[in-house]
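Structure file data-v1.cif; described as mmCIF, C-alpha atoms.
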data_run
loop_
_atom_site.label_atom_id
_atom_site.label_comp_id
_atom_site.auth_asym_id
_atom_site.auth_seq_id
_atom_site.Cartn_x
_atom_site.Cartn_y
_atom_site.Cartn_z
CA MET A 274 -148.75 -45.43 -110.07
CA LEU A 275 -146.82 -48.66 -110.48
CA GLY A 276 -144.24 -49.91 -108.04
CA GLU A 277 -140.67 -50.54 -109.12
CA PHE A 278 -141.01 -54.31 -109.26
CA GLU A 279 -144.35 -54.06 -111.03
CA TYR A 280 -142.69 -51.93 -113.71
CA LEU A 281 -139.83 -54.42 -114.07
CA LEU A 282 -142.31 -57.25 -114.46
CA LEU A 283 -144.44 -55.44 -117.04
CA SER A 284 -141.33 -54.46 -118.99
CA ALA A 285 -140.01 -58.01 -119.00
CA ALA A 286 -143.37 -59.42 -120.09
CA ALA A 287 -143.70 -56.82 -122.85
CA ARG A 288 -140.16 -57.53 -124.09
CA LEU A 289 -140.78 -61.30 -124.17
CA GLY A 290 -144.05 -60.90 -126.06
CA GLU A 291 -145.68 -64.23 -126.82
CA GLY A 292 -142.93 -66.06 -124.93
CA ALA A 293 -143.73 -64.37 -121.64
CA TYR A 294 -144.31 -66.78 -118.77
CA GLY A 295 -143.18 -67.10 -115.14
CA ALA A 296 -139.69 -68.57 -115.49
CA ALA A 297 -138.81 -66.48 -118.59
CA ILE A 298 -139.95 -63.25 -116.91
CA ARG A 299 -137.88 -64.15 -113.88
CA ARG A 300 -134.77 -64.60 -116.04
CA GLU A 301 -135.40 -61.26 -117.74
CA ILE A 302 -135.77 -59.43 -114.44
CA GLU A 303 -132.65 -61.06 -113.02
CA GLY A 304 -130.75 -60.16 -116.18
CA ALA A 305 -131.90 -56.54 -116.06
CA THR A 306 -131.39 -55.94 -112.35
CA ARG A 307 -128.48 -58.37 -111.80
CA ARG A 308 -130.28 -59.37 -108.62
CA ARG A 309 -132.12 -62.50 -107.62
CA CYS A 310 -135.85 -62.48 -108.23
CA SER A 311 -137.82 -64.67 -105.86
CA VAL A 312 -140.67 -66.83 -107.08
CA GLY A 313 -142.83 -65.49 -104.26
CA ALA A 314 -142.39 -61.88 -105.32
CA LEU A 315 -142.95 -62.79 -108.97
CA TYR A 316 -146.23 -64.66 -108.51
CA THR A 317 -147.78 -62.37 -105.92
CA THR A 318 -146.99 -59.39 -108.17
CA LEU A 319 -148.43 -61.20 -111.18
CA ASP A 320 -151.65 -61.74 -109.23
CA ARG A 321 -151.78 -58.11 -108.16
CA LEU A 322 -151.22 -56.79 -111.69
CA GLU A 323 -153.81 -59.18 -113.09
CA ALA A 324 -156.32 -58.05 -110.47
CA LYS A 325 -155.66 -54.44 -111.55
CA GLY A 326 -156.25 -55.41 -115.17
CA LEU A 327 -152.70 -54.51 -116.22
CA LEU A 328 -151.93 -57.97 -117.55
CA ARG A 329 -153.71 -61.23 -118.14
CA THR A 330 -152.53 -64.77 -117.60
CA TRP A 331 -153.57 -68.23 -118.77
CA MET A 332 -152.28 -71.76 -118.62
CA GLY A 333 -149.86 -72.68 -121.40
CA ASP A 334 -148.85 -76.08 -122.67
CA PRO A 335 -146.64 -78.39 -120.60
CA THR A 336 -143.10 -79.03 -121.85
CA PRO A 337 -140.68 -81.92 -121.14
CA GLN A 338 -138.00 -79.60 -119.72
CA ARG A 339 -140.51 -78.56 -117.06
CA GLY A 340 -141.28 -82.14 -116.11
CA GLY A 341 -144.51 -82.03 -118.11
CA ARG A 342 -145.84 -79.13 -116.09
CA PRO A 343 -147.72 -76.20 -117.63
CA LYS A 344 -146.56 -72.57 -117.91
CA ARG A 345 -148.41 -69.54 -116.69
CA MET A 346 -148.41 -67.40 -119.81
CA VAL A 347 -148.54 -63.62 -119.44
CA GLN A 348 -149.69 -60.82 -121.72
CA VAL A 349 -149.54 -57.10 -120.95
CA THR A 350 -152.89 -55.39 -121.56
CA GLY A 351 -153.39 -51.93 -123.06
CA ALA A 352 -153.93 -50.52 -119.59
CA GLY A 353 -150.71 -52.19 -118.44
CA ALA A 354 -148.75 -50.65 -121.30
CA ARG A 355 -150.17 -47.18 -120.47
CA GLU A 356 -149.30 -47.53 -116.78
CA ALA A 357 -145.76 -48.70 -117.61
CA LYS A 358 -145.32 -45.76 -120.00
CA ALA A 359 -146.54 -43.32 -117.36
CA PHE A 360 -144.11 -44.80 -114.83
CA TYR A 361 -141.21 -44.60 -117.28
CA ARG A 362 -141.95 -40.94 -118.06
CA ALA A 363 -142.26 -40.12 -114.38
CA VAL A 364 -138.88 -41.71 -113.66
CA ASN A 365 -137.34 -39.83 -116.59
CA ARG A 366 -138.76 -36.52 -115.37
CA ALA A 367 -137.69 -37.23 -111.82
CA SER A 368 -134.18 -38.10 -112.99
CA HIS A 369 -133.70 -34.96 -115.06
CA GLY A 370 -130.61 -33.07 -113.96
CA VAL A 371 -129.47 -35.49 -111.28
CA SER A 372 -125.85 -36.55 -111.25
CA TRP A 373 -126.33 -40.29 -111.74
CA ALA A 374 -128.60 -39.74 -114.73
CA ALA A 375 -125.97 -37.46 -116.33
CA ASP A 376 -123.21 -40.02 -115.61
CA ARG A 377 -125.32 -42.71 -117.25
CA THR A 378 -125.83 -40.56 -120.36
CA ARG A 379 -122.08 -39.87 -120.69
CA GLY A 380 -121.28 -43.52 -120.02
CA SER A 381 -123.62 -44.80 -122.67
CA SER A 382 -122.67 -42.28 -125.37
CA MET B 205 -136.64 -83.75 -111.03
CA MET B 206 -137.06 -87.23 -109.57
CA GLY B 207 -134.59 -87.03 -106.67
CA VAL B 208 -135.68 -87.31 -103.06
CA GLY B 209 -135.22 -83.57 -102.60
CA TRP B 210 -137.56 -82.77 -105.46
CA ARG B 211 -140.10 -85.27 -104.20
CA LEU B 212 -140.04 -83.50 -100.85
CA LEU B 213 -140.42 -80.21 -102.70
CA SER B 214 -143.52 -81.60 -104.41
CA VAL B 215 -144.94 -82.48 -101.01
CA LEU B 216 -144.17 -78.99 -99.72
CA ALA B 217 -145.85 -77.49 -102.79
CA ARG B 218 -149.15 -79.03 -101.67
CA ALA B 219 -149.55 -75.93 -99.54
CA LEU B 220 -150.28 -74.07 -102.81
CA GLU B 221 -153.43 -74.15 -104.92
CA PRO B 222 -153.26 -77.11 -107.37
CA ALA B 223 -153.00 -74.96 -110.53
CA GLU B 224 -150.30 -72.76 -109.07
CA ARG B 225 -148.44 -75.76 -107.63
CA ASP B 226 -147.81 -77.26 -111.08
CA VAL B 227 -146.77 -73.95 -112.61
CA VAL B 228 -144.31 -73.14 -109.83
CA LEU B 229 -142.76 -76.61 -109.76
CA GLY B 230 -142.38 -76.37 -113.53
CA ASP B 231 -140.66 -72.99 -113.22
CA LEU B 232 -138.29 -74.31 -110.56
CA ALA B 233 -137.46 -77.37 -112.67
CA GLU B 234 -136.83 -75.21 -115.73
CA SER B 235 -134.64 -72.76 -113.83
CA GLY B 236 -132.23 -75.57 -112.94
CA GLU B 237 -131.81 -74.26 -109.40
CA GLY B 238 -130.31 -76.43 -106.69
CA ILE B 239 -132.69 -78.02 -104.24
CA GLY B 240 -131.73 -75.54 -101.50
CA ALA B 241 -132.51 -72.46 -103.57
CA ALA B 242 -135.68 -74.05 -104.94
CA THR B 243 -136.89 -74.88 -101.43
CA ARG B 244 -136.18 -71.32 -100.29
CA ASP B 245 -138.11 -69.95 -103.27
CA LEU B 246 -141.05 -72.24 -102.70
CA LEU B 247 -141.17 -71.49 -98.97
CA GLY B 248 -141.11 -67.78 -99.74
CA LEU B 249 -144.15 -68.13 -101.99
CA ILE B 250 -146.00 -70.32 -99.47
CA VAL B 251 -145.38 -67.80 -96.68
CA ARG B 252 -146.63 -64.94 -98.88
CA ARG B 253 -149.75 -66.92 -99.82
CA GLN B 254 -150.42 -67.84 -96.18
CA LEU B 255 -150.02 -64.24 -95.04
CA ALA B 256 -152.35 -63.07 -97.81
CA LEU B 257 -155.09 -65.35 -96.43
CA TRP B 258 -155.21 -63.30 -93.24
CA VAL B 259 -156.23 -60.14 -95.08
CA PHE B 260 -159.76 -61.57 -95.10
CA TRP B 261 -162.09 -61.93 -92.11
CA ARG B 262 -162.89 -65.62 -92.50
CA PRO B 263 -159.67 -67.10 -91.05
CA TRP B 264 -159.90 -64.61 -88.17
CA LEU B 265 -163.44 -65.75 -87.41
CA ALA B 266 -162.23 -69.34 -87.57
CA LEU B 267 -159.35 -68.58 -85.23
CA PHE B 268 -161.19 -66.57 -82.59
CA GLY B 269 -164.74 -67.87 -83.02
CA VAL B 270 -164.11 -71.58 -83.48
CA SER B 271 -160.55 -72.35 -82.37
CA CYS B 272 -160.65 -70.16 -79.27
CA LEU B 273 -164.28 -69.53 -78.23
CA ALA B 274 -165.89 -72.84 -79.20
CA GLY B 275 -162.62 -74.64 -78.45
CA PHE B 276 -162.53 -73.31 -74.91
CA SER B 277 -166.06 -74.54 -74.24
CA LEU B 278 -165.35 -77.91 -75.86
CA SER B 279 -162.28 -78.21 -73.66
CA ARG B 280 -164.44 -77.84 -70.53
CA ILE B 281 -166.84 -80.43 -71.89
CA VAL B 282 -164.01 -82.86 -72.69
CA PHE B 283 -162.61 -82.33 -69.21
CA ARG B 284 -165.99 -82.84 -67.59
CA LEU B 285 -166.73 -85.96 -69.61
CA ASN B 286 -163.39 -87.46 -68.62
CA VAL B 287 -164.00 -86.69 -64.95
CA ASP B 288 -167.54 -88.10 -65.02
CA LEU B 289 -166.44 -91.19 -66.94
CA HIS B 290 -163.78 -91.75 -64.30
CA LYS B 291 -166.39 -91.37 -61.53
CA HIS B 292 -168.61 -93.86 -63.32
CA ALA B 293 -165.72 -96.28 -63.77
CA VAL B 294 -164.73 -96.22 -60.09
CA GLY B 295 -168.34 -96.47 -58.95
CA TYR B 296 -168.52 -93.01 -57.38
CA ALA B 297 -171.79 -92.96 -55.42
CA THR B 298 -174.48 -90.49 -56.50
CA SER B 299 -178.23 -90.49 -55.99
CA LEU B 300 -178.76 -91.05 -59.71
CA THR B 301 -179.99 -94.35 -61.02
CA ALA B 302 -177.67 -96.30 -63.27
CA GLY B 303 -179.96 -95.50 -66.20
CA GLN B 304 -179.89 -91.76 -65.48
CA GLU B 305 -176.12 -91.77 -65.18
CA MET B 306 -175.73 -93.65 -68.44
CA ALA B 307 -178.18 -91.33 -70.18
CA PHE B 308 -176.25 -88.30 -68.95
CA LEU B 309 -172.92 -89.67 -70.13
CA LEU B 310 -174.33 -90.66 -73.52
CA CYS B 311 -175.90 -87.22 -73.96
CA LEU B 312 -172.64 -85.48 -73.14
CA ALA B 313 -170.56 -87.79 -75.35
CA GLY B 314 -173.00 -87.50 -78.26
CA ALA B 315 -173.18 -83.75 -77.93
CA LEU B 316 -169.39 -83.52 -77.80
CA MET B 317 -169.08 -85.47 -81.03
CA VAL B 318 -171.71 -83.43 -82.87
CA TRP B 319 -170.34 -80.09 -81.63
CA SER B 320 -166.81 -81.19 -82.56
CA TRP B 321 -167.84 -82.21 -86.07
CA THR B 322 -169.74 -78.97 -86.61
CA GLY B 323 -166.89 -76.87 -85.22
CA GLY B 324 -164.40 -78.73 -87.41
CA PHE B 325 -166.51 -78.27 -90.52
CA VAL B 326 -166.96 -74.53 -89.99
CA LEU B 327 -163.27 -74.21 -89.15
CA GLY B 328 -162.29 -75.87 -92.42
CA SER B 329 -164.87 -73.92 -94.37
CA LEU B 330 -163.72 -70.56 -93.02
CA SER B 331 -159.99 -71.22 -92.97
CA GLY B 332 -159.33 -72.68 -96.41
CA ARG B 333 -155.58 -73.09 -96.79
CA ALA B 334 -154.99 -71.54 -93.37
CA VAL B 335 -156.63 -74.58 -91.79
CA TRP B 336 -153.35 -76.07 -90.61
CA LEU B 337 -152.90 -73.12 -88.24
CA THR B 338 -156.50 -72.69 -87.07
CA TRP B 339 -156.83 -76.46 -86.64
CA SER B 340 -153.64 -76.64 -84.55
CA VAL B 341 -154.89 -73.85 -82.28
CA PHE B 342 -158.31 -75.54 -82.05
CA TYR B 343 -156.73 -78.87 -81.11
CA PHE B 344 -154.48 -77.49 -78.40
CA VAL B 345 -157.17 -75.20 -76.97
CA VAL B 346 -159.56 -78.15 -76.65
CA LEU B 347 -156.89 -80.44 -75.29
CA ASP B 348 -155.29 -78.11 -72.77
CA SER B 349 -157.24 -74.94 -71.97
CA ALA B 350 -159.65 -76.37 -69.37
CA TRP B 351 -157.11 -78.03 -67.14
CA THR B 352 -154.69 -75.11 -67.59
CA ARG B 353 -157.40 -72.75 -66.35
CA PHE B 354 -158.19 -75.01 -63.41
CA VAL B 355 -154.50 -75.17 -62.50
CA LEU B 356 -154.07 -71.41 -62.80
CA THR B 357 -157.16 -70.72 -60.65
CA GLY B 358 -156.06 -73.25 -58.06
CA ARG B 359 -158.94 -75.68 -58.60
CA ILE B 360 -156.42 -78.36 -59.53
CA LEU B 361 -153.31 -78.69 -57.42
CA LEU B 362 -150.18 -80.03 -59.07
CA ARG B 363 -147.95 -82.14 -56.90
CA THR B 364 -144.22 -82.01 -57.24
CA ALA B 365 -143.12 -85.21 -58.88
CA ARG B 366 -141.11 -87.44 -56.57
CA SER B 367 -140.02 -89.69 -59.33
CA HIS B 368 -136.37 -90.52 -59.62
CA GLU B 369 -136.76 -90.30 -63.36
CA PRO B 370 -137.36 -86.66 -64.21
CA LEU B 371 -136.93 -87.38 -67.91
CA LEU B 372 -139.80 -89.86 -67.79
CA GLN B 373 -141.94 -87.33 -65.92
CA THR B 374 -141.22 -84.67 -68.53
CA LEU B 375 -142.04 -87.10 -71.31
CA ARG B 376 -145.34 -88.01 -69.63
CA PHE B 377 -146.20 -84.35 -69.24
CA LEU B 378 -145.38 -83.57 -72.87
CA MET B 379 -147.45 -86.53 -74.05
CA GLY B 380 -150.31 -85.41 -71.83
CA ILE B 381 -150.46 -81.92 -73.30
CA THR B 382 -149.95 -82.93 -76.94
CA LEU B 383 -151.63 -86.31 -77.46
CA PRO B 384 -155.33 -87.22 -77.18
CA LEU B 385 -154.88 -89.74 -74.40
CA SER B 386 -158.40 -89.65 -72.96
CA ILE B 387 -161.77 -90.85 -74.18
CA GLY B 388 -163.11 -87.31 -74.20
CA ALA B 389 -160.20 -86.10 -76.32
CA LEU B 390 -160.71 -88.93 -78.80
CA LEU B 391 -164.44 -88.21 -79.01
CA PHE B 392 -163.47 -84.65 -79.95
CA LEU B 393 -160.56 -85.45 -82.25
CA PHE B 394 -162.02 -87.81 -84.83
CA PRO B 395 -165.30 -85.96 -85.52
CA ALA B 396 -163.52 -82.61 -85.58
CA LEU B 397 -160.84 -83.87 -87.98
CA PHE B 398 -163.45 -85.40 -90.27
CA GLY B 399 -165.51 -82.21 -90.14
CA ALA B 400 -162.50 -80.04 -90.99
CA PHE B 401 -161.56 -82.35 -93.87
CA LEU B 402 -165.06 -81.99 -95.34
CA GLY B 403 -165.23 -78.28 -94.58
CA VAL B 404 -162.09 -77.48 -96.56
CA ARG B 405 -163.44 -79.36 -99.57
CA ARG B 406 -167.14 -78.59 -99.55
CA ARG B 407 -167.18 -75.15 -97.90
CA ILE B 408 -170.94 -75.25 -97.50
CA LEU B 409 -173.73 -77.75 -96.88
CA THR B 410 -177.10 -78.00 -98.55
CA VAL B 411 -179.96 -76.47 -96.57
CA HIS B 412 -181.29 -79.95 -95.86
CA ASN B 413 -178.02 -81.21 -94.40
CA ALA B 414 -177.34 -77.97 -92.52
CA SER B 415 -180.86 -78.17 -91.02
CA LEU B 416 -180.21 -81.73 -89.88
CA ILE B 417 -176.93 -80.72 -88.25
CA ALA B 418 -178.55 -77.69 -86.60
CA SER B 419 -181.45 -79.82 -85.33
CA ALA B 420 -179.05 -82.36 -83.87
CA ASN B 421 -177.10 -79.54 -82.20
CA ILE B 422 -180.26 -78.03 -80.71
CA ALA B 423 -181.59 -81.38 -79.49
CA LEU B 424 -178.30 -82.39 -77.90
CA THR B 425 -177.82 -78.93 -76.35
CA VAL B 426 -181.26 -79.13 -74.74
CA LEU B 427 -180.72 -82.72 -73.57
CA THR B 428 -177.29 -81.98 -72.15
CA THR B 429 -178.49 -78.85 -70.36
CA TRP B 430 -181.39 -80.81 -68.93
CA SER B 431 -179.36 -83.86 -67.87
CA THR B 432 -176.60 -81.81 -66.25
CA GLY B 433 -179.42 -80.30 -64.16
CA TRP B 434 -180.23 -83.59 -62.46
CA TYR B 435 -176.66 -84.80 -62.43
CA GLU B 436 -174.97 -81.97 -60.56
CA PRO B 437 -177.07 -81.81 -57.36
CA ALA B 438 -177.07 -85.61 -57.26
CA HIS B 439 -173.35 -86.10 -56.77
CA LEU B 440 -172.51 -82.97 -54.85
CA PRO B 441 -173.32 -82.16 -51.16
CA ALA B 442 -176.97 -82.35 -50.24
CA ARG B 443 -177.49 -78.64 -49.77
CA TRP B 444 -176.02 -77.80 -53.17
CA PRO B 445 -178.86 -76.25 -55.15
CA GLY B 446 -177.23 -76.95 -58.51
CA VAL B 447 -176.16 -74.58 -61.24
CA PRO B 448 -179.04 -72.61 -62.86
CA TRP B 449 -180.00 -73.82 -66.32
CA SER B 450 -178.94 -70.57 -67.97
CA THR B 451 -175.41 -70.94 -66.60
CA ARG B 452 -175.28 -74.57 -67.70
CA LEU B 453 -176.53 -73.68 -71.16
CA LEU B 454 -173.94 -70.97 -71.89
CA PRO B 455 -170.87 -73.17 -72.53
CA PHE B 456 -172.99 -75.48 -74.67
CA LEU B 457 -174.20 -72.53 -76.73
CA LEU B 458 -170.62 -71.34 -77.20
CA ALA B 459 -169.62 -74.82 -78.34
CA SER B 460 -172.52 -75.13 -80.75
CA TRP B 461 -172.66 -71.67 -82.36
CA PRO B 462 -170.92 -72.97 -85.54
CA ALA B 463 -174.15 -74.88 -86.30
CA ALA B 464 -176.06 -71.59 -86.49
CA TYR B 465 -173.37 -70.15 -88.78
CA LEU B 466 -173.50 -73.24 -90.98
CA LEU B 467 -177.27 -73.00 -91.33
CA ALA B 468 -177.17 -69.26 -92.00
CA CYS B 469 -174.56 -69.74 -94.76
CA SER B 470 -176.58 -72.51 -96.38
CA LEU B 471 -179.77 -70.44 -96.33
CA SER B 472 -178.04 -67.35 -97.70
CA THR B 473 -176.50 -69.25 -100.63
CA ARG B 474 -179.64 -71.25 -101.46
CA SER B 475 -180.76 -68.64 -103.94
CA ARG B 476 -177.35 -68.69 -105.66
CA PRO B 477 -176.17 -72.29 -105.57
CA LYS B 478 -173.22 -71.78 -107.92
CA ASP B 479 -171.60 -69.22 -105.65
CA LEU B 480 -169.21 -71.49 -103.82
CA THR B 481 -167.31 -68.70 -102.12
CA PRO B 482 -163.92 -68.69 -103.86
CA ALA B 483 -160.75 -69.15 -101.89
CA PRO B 484 -159.57 -65.84 -100.42
CA THR B 485 -156.31 -65.76 -102.34
CA GLY B 486 -154.29 -67.80 -104.73
CA ALA B 487 -153.50 -67.73 -108.34
CA ARG B 488 -156.38 -66.73 -110.52
CA LEU B 489 -155.29 -68.53 -113.61
CA GLY B 490 -157.42 -67.77 -116.59
CA GLN B 491 -157.92 -70.72 -118.93
CA HIS B 492 -157.56 -70.36 -122.65
#
Show me this structure written as structure tokens.
Amino acid sequence: MLGEFEYLLLSAAARLGEGAYGAAIRREIEGATRRRCSVGALYTTLDRLEAKGLLRTWMGDPTPQRGGRPKRMVQVTGAGAREAKAFYRAVNRASHGVSWAADRTRGSS
Amino acid sequence: MMGVGWRLLSVLARALEPAERDVVLGDLAESGEGIGAATRDLLGLIVRRQLALWVFWRPWLALFGVSCLAGFSLSRIVFRLNVDLHKHAVGYATSLTAGQEMAFLLCLAGALMVWSWTGGFVLGSLSGRAVWLTWSVFYFVVLDSAWTRFVLTGRILLRTARSHEPLLQTLRFLMGITLPLSIGALLFLFPALFGAFLGVRRRILTVHNASLIASANIALTVLTTWSTGWYEPAHLPARWPGVPWSTRLLPFLLASWPAAYLLACSLSTRSRPKDLTPAPTGARLGQH
């Protein structure tokens, strides 16, 4: 079972697709949670997920806006997508019938 | 990205693996964070990486086996060498010939240098990026543990300073416990630093080199054990029978055990030379 931050990271990487790398994933997570995402948490979680085979990473090309430094590109693997889906379903099931989930449904409709 | 703050940040980032260092600095530059937030982020990652190193047994072996155990023995040897050098310098009378006394001092000094180098190498090899901590402990244990023990057990009596300049006294004391201000400490420091520097980079020696180091350790351990045998009864009261060889050998064995570890590692990896024992943690960045 994934942890909350692991799920956020996998979701952000999946949403970004081919443009998924450290700084972009961080922006996505901060945008989704409206909370600061530390570099330490991001990179240690990336390592952990890669070790579990849930994503893979490689060195991308350097860009001028990064001072000529390379990116760590990220791609969610099939196993990662399955784990994220299982987590999402579990959260949905766990949220069924609770007041905040109902409020959210009314608010969004 | 070229301000002083960012340059300092680049220096701080040296605590990370080279591949990860570039990626993280690039991310911080791209995010456009202020230097304060970027420093906090980088420190957070460094602390996490350092903590992750201690999940493995190698840094613990370096800390307790080399920094503490071997360091404690080396501290006694440094202390003893300093005392005996002082006796030699002031012409303290013993029944040894000048040649014997010189041979004893050379044996002890040579052994100290070889044991320090070997200890430093194994420390660097085992610690990896945690070497700054294990090295610091090693340094202070060697520098201070022997005299601290002698003070605590009452074998050295501290006099109350009568100086009218307490600040100067405090400064002298602080310098004494932090700086290598004796010949013995210097004979430890430089070989140990050089050994640690090589150990972090090379991790392991070839069997040939490890055998040479182990042979030197054995030879100097035997010589030092032997020469302390004729030195001790010679400068102590006539009826003093001297310390048995087994008791004299023990601290030297504790100081030189890293040589056995070094040789064992070299022999065990001889059949698989490409296995260079990867760093315990750090970014595993796949290359495309």
Original post:
For the atom pair CA of Ser372 in chain A and CA of Met274 in chain A, what is the interatomic distance in Å to one decimal place?
Top reply: 24.6 Å
**OP:** Residues of chain A no more than 9 Å from chain B, counting all atoms listed in the file: send them over as a ChimeraX atom specification.
**Re:** /A:295-297,300,311-317,319-320,323-324,329-333,335-336,338-345
**OP:** Determine, counting all atoms listed in the file, which protein, DNA and RNA residues have an atom within 10 Å of an atom of Arg309 in chain A; residues of the same chain fewer than 4 positions away are not included. Present the result as a PyMOL selection string.
**Re:** chain A and resi 299-300+302-304
Subject >> range 304-308 of chain B surroundings by all atoms listed in the file, 12 Å radius, close-in-sequence under 3 positions cut, as an NGL selection string >> reply: :B and (284-285 or 288-289 or 291-293 or 295-301 or 311-315 or 424 or 426-436 or 438-439)
**OP:** For the file shown, report as a ChimeraX atom specification the outcome of the PyMOL selection byres ((chain B and resi 406) around 12) at residue level.
**Re:** /B:325-330,332,399-405,407-410,466,470,480-483
Subject >> Pairwise distance for CA of Arg307 in chain A and CA of Leu213 in chain B, rounded to one decimal in Å >> reply: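 Separating CA of Arg307 in chain A from CA of Leu213 in chain B is a distance of 26.5 Å.
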Subject >> Target residues per the PyMOL selection byres ((chain B and resi 389) around 10), formatted as an MDAnalysis selection string >> reply: chainID B and resid 278:279 281:283 285:286 316 343 346:347 383:388 390:394
Original post:
CA of Phe344 in chain B and CA of Phe456 in chain B, how far apart in Å?
Top reply: 19.0 Å
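Using the PyMOL selection byres ((chain A and resi 282) around 9) on the file at hand returns these residues: Glu277, Phe278, Glu279, Tyr280, Leu281, Leu283, Ser284, Ala285, Ala286, Ala287, Ile298, Arg299, Glu301, Ile302, Leu315, Thr318 and Leu319 of chain A.
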**OP:** Go through B:Met379, B:Val341, B:Leu356, B:Ala350 and flag the residue nearest Phe268 in chain B, using all atoms listed in the file for the distances.
**Re:**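 Closest to Phe268 in chain B, using all atoms listed in the file: B:Val341.
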Missing atoms in range 337-350 of chain A should be modelled up to N, CA, C and O atoms and reported as a PDB file, in the coordinates of the input.
ATOM      1  N   PRO A 337    -141.492 -80.885-121.814  1.00  0.00           N
ATOM      2  CA  PRO A 337    -140.680 -81.920-121.140  1.00  0.00           C
ATOM      3  C   PRO A 337    -139.643 -81.323-120.198  1.00  0.00           C
ATOM      4  O   PRO A 337    -139.379 -81.888-119.137  1.00  0.00           O
ATOM      5  N   GLN A 338    -139.044 -80.159-120.574  1.00  0.00           N
ATOM      6  CA  GLN A 338    -138.000 -79.600-119.720  1.00  0.00           C
ATOM      7  C   GLN A 338    -138.551 -79.091-118.385  1.00  0.00           C
ATOM      8  O   GLN A 338    -137.811 -78.822-117.458  1.00  0.00           O
ATOM      9  N   ARG A 339    -139.874 -78.973-118.309  1.00  0.00           N
ATOM     10  CA  ARG A 339    -140.510 -78.560-117.060  1.00  0.00           C
ATOM     11  C   ARG A 339    -141.134 -79.752-116.340  1.00  0.00           C
ATOM     12  O   ARG A 339    -142.009 -79.584-115.482  1.00  0.00           O
ATOM     13  N   GLY A 340    -140.719 -80.950-116.736  1.00  0.00           N
ATOM     14  CA  GLY A 340    -141.280 -82.140-116.110  1.00  0.00           C
ATOM     15  C   GLY A 340    -142.736 -82.335-116.475  1.00  0.00           C
ATOM     16  O   GLY A 340    -143.512 -82.869-115.680  1.00  0.00           O
ATOM     17  N   GLY A 341    -143.126 -81.866-117.663  1.00  0.00           N
ATOM     18  CA  GLY A 341    -144.510 -82.030-118.110  1.00  0.00           C
ATOM     19  C   GLY A 341    -145.482 -81.101-117.419  1.00  0.00           C
ATOM     20  O   GLY A 341    -146.688 -81.349-117.433  1.00  0.00           O
ATOM     21  N   ARG A 342    -144.956 -80.045-116.822  1.00  0.00           N
ATOM     22  CA  ARG A 342    -145.840 -79.130-116.090  1.00  0.00           C
ATOM     23  C   ARG A 342    -146.147 -77.900-116.945  1.00  0.00           C
ATOM     24  O   ARG A 342    -145.316 -77.460-117.736  1.00  0.00           O
ATOM     25  N   PRO A 343    -147.336 -77.324-116.768  1.00  0.00           N
ATOM     26  CA  PRO A 343    -147.720 -76.200-117.630  1.00  0.00           C
ATOM     27  C   PRO A 343    -147.034 -74.887-117.238  1.00  0.00           C
ATOM     28  O   PRO A 343    -146.481 -74.761-116.151  1.00  0.00           O
ATOM     29  N   LYS A 344    -147.098 -73.916-118.181  1.00  0.00           N
ATOM     30  CA  LYS A 344    -146.560 -72.570-117.910  1.00  0.00           C
ATOM     31  C   LYS A 344    -147.713 -71.633-117.607  1.00  0.00           C
ATOM     32  O   LYS A 344    -148.829 -71.866-118.065  1.00  0.00           O
ATOM     33  N   ARG A 345    -147.413 -70.597-116.857  1.00  0.00           N
ATOM     34  CA  ARG A 345    -148.410 -69.540-116.690  1.00  0.00           C
ATOM     35  C   ARG A 345    -148.024 -68.427-117.667  1.00  0.00           C
ATOM     36  O   ARG A 345    -147.097 -67.656-117.411  1.00  0.00           O
ATOM     37  N   MET A 346    -148.727 -68.374-118.772  1.00  0.00           N
ATOM     38  CA  MET A 346    -148.410 -67.400-119.810  1.00  0.00           C
ATOM     39  C   MET A 346    -148.931 -66.010-119.404  1.00  0.00           C
ATOM     40  O   MET A 346    -149.941 -65.906-118.700  1.00  0.00           O
ATOM     41  N   VAL A 347    -148.223 -64.994-119.863  1.00  0.00           N
ATOM     42  CA  VAL A 347    -148.540 -63.620-119.440  1.00  0.00           C
ATOM     43  C   VAL A 347    -148.617 -62.711-120.661  1.00  0.00           C
ATOM     44  O   VAL A 347    -147.809 -62.838-121.584  1.00  0.00           O
ATOM     45  N   GLN A 348    -149.591 -61.822-120.656  1.00  0.00           N
ATOM     46  CA  GLN A 348    -149.690 -60.820-121.720  1.00  0.00           C
ATOM     47  C   GLN A 348    -150.034 -59.471-121.098  1.00  0.00           C
ATOM     48  O   GLN A 348    -150.981 -59.390-120.289  1.00  0.00           O
ATOM     49  N   VAL A 349    -149.278 -58.450-121.473  1.00  0.00           N
ATOM     50  CA  VAL A 349    -149.540 -57.100-120.950  1.00  0.00           C
ATOM     51  C   VAL A 349    -150.762 -56.540-121.685  1.00  0.00           C
ATOM     52  O   VAL A 349    -150.837 -56.595-122.913  1.00  0.00           O
ATOM     53  N   THR A 350    -151.692 -55.971-120.938  1.00  0.00           N
ATOM     54  CA  THR A 350    -152.890 -55.390-121.560  1.00  0.00           C
ATOM     55  C   THR A 350    -152.602 -53.938-121.976  1.00  0.00           C
ATOM     56  O   THR A 350    -151.529 -53.383-121.643  1.00  0.00           O
TER      57      THR A 350
END
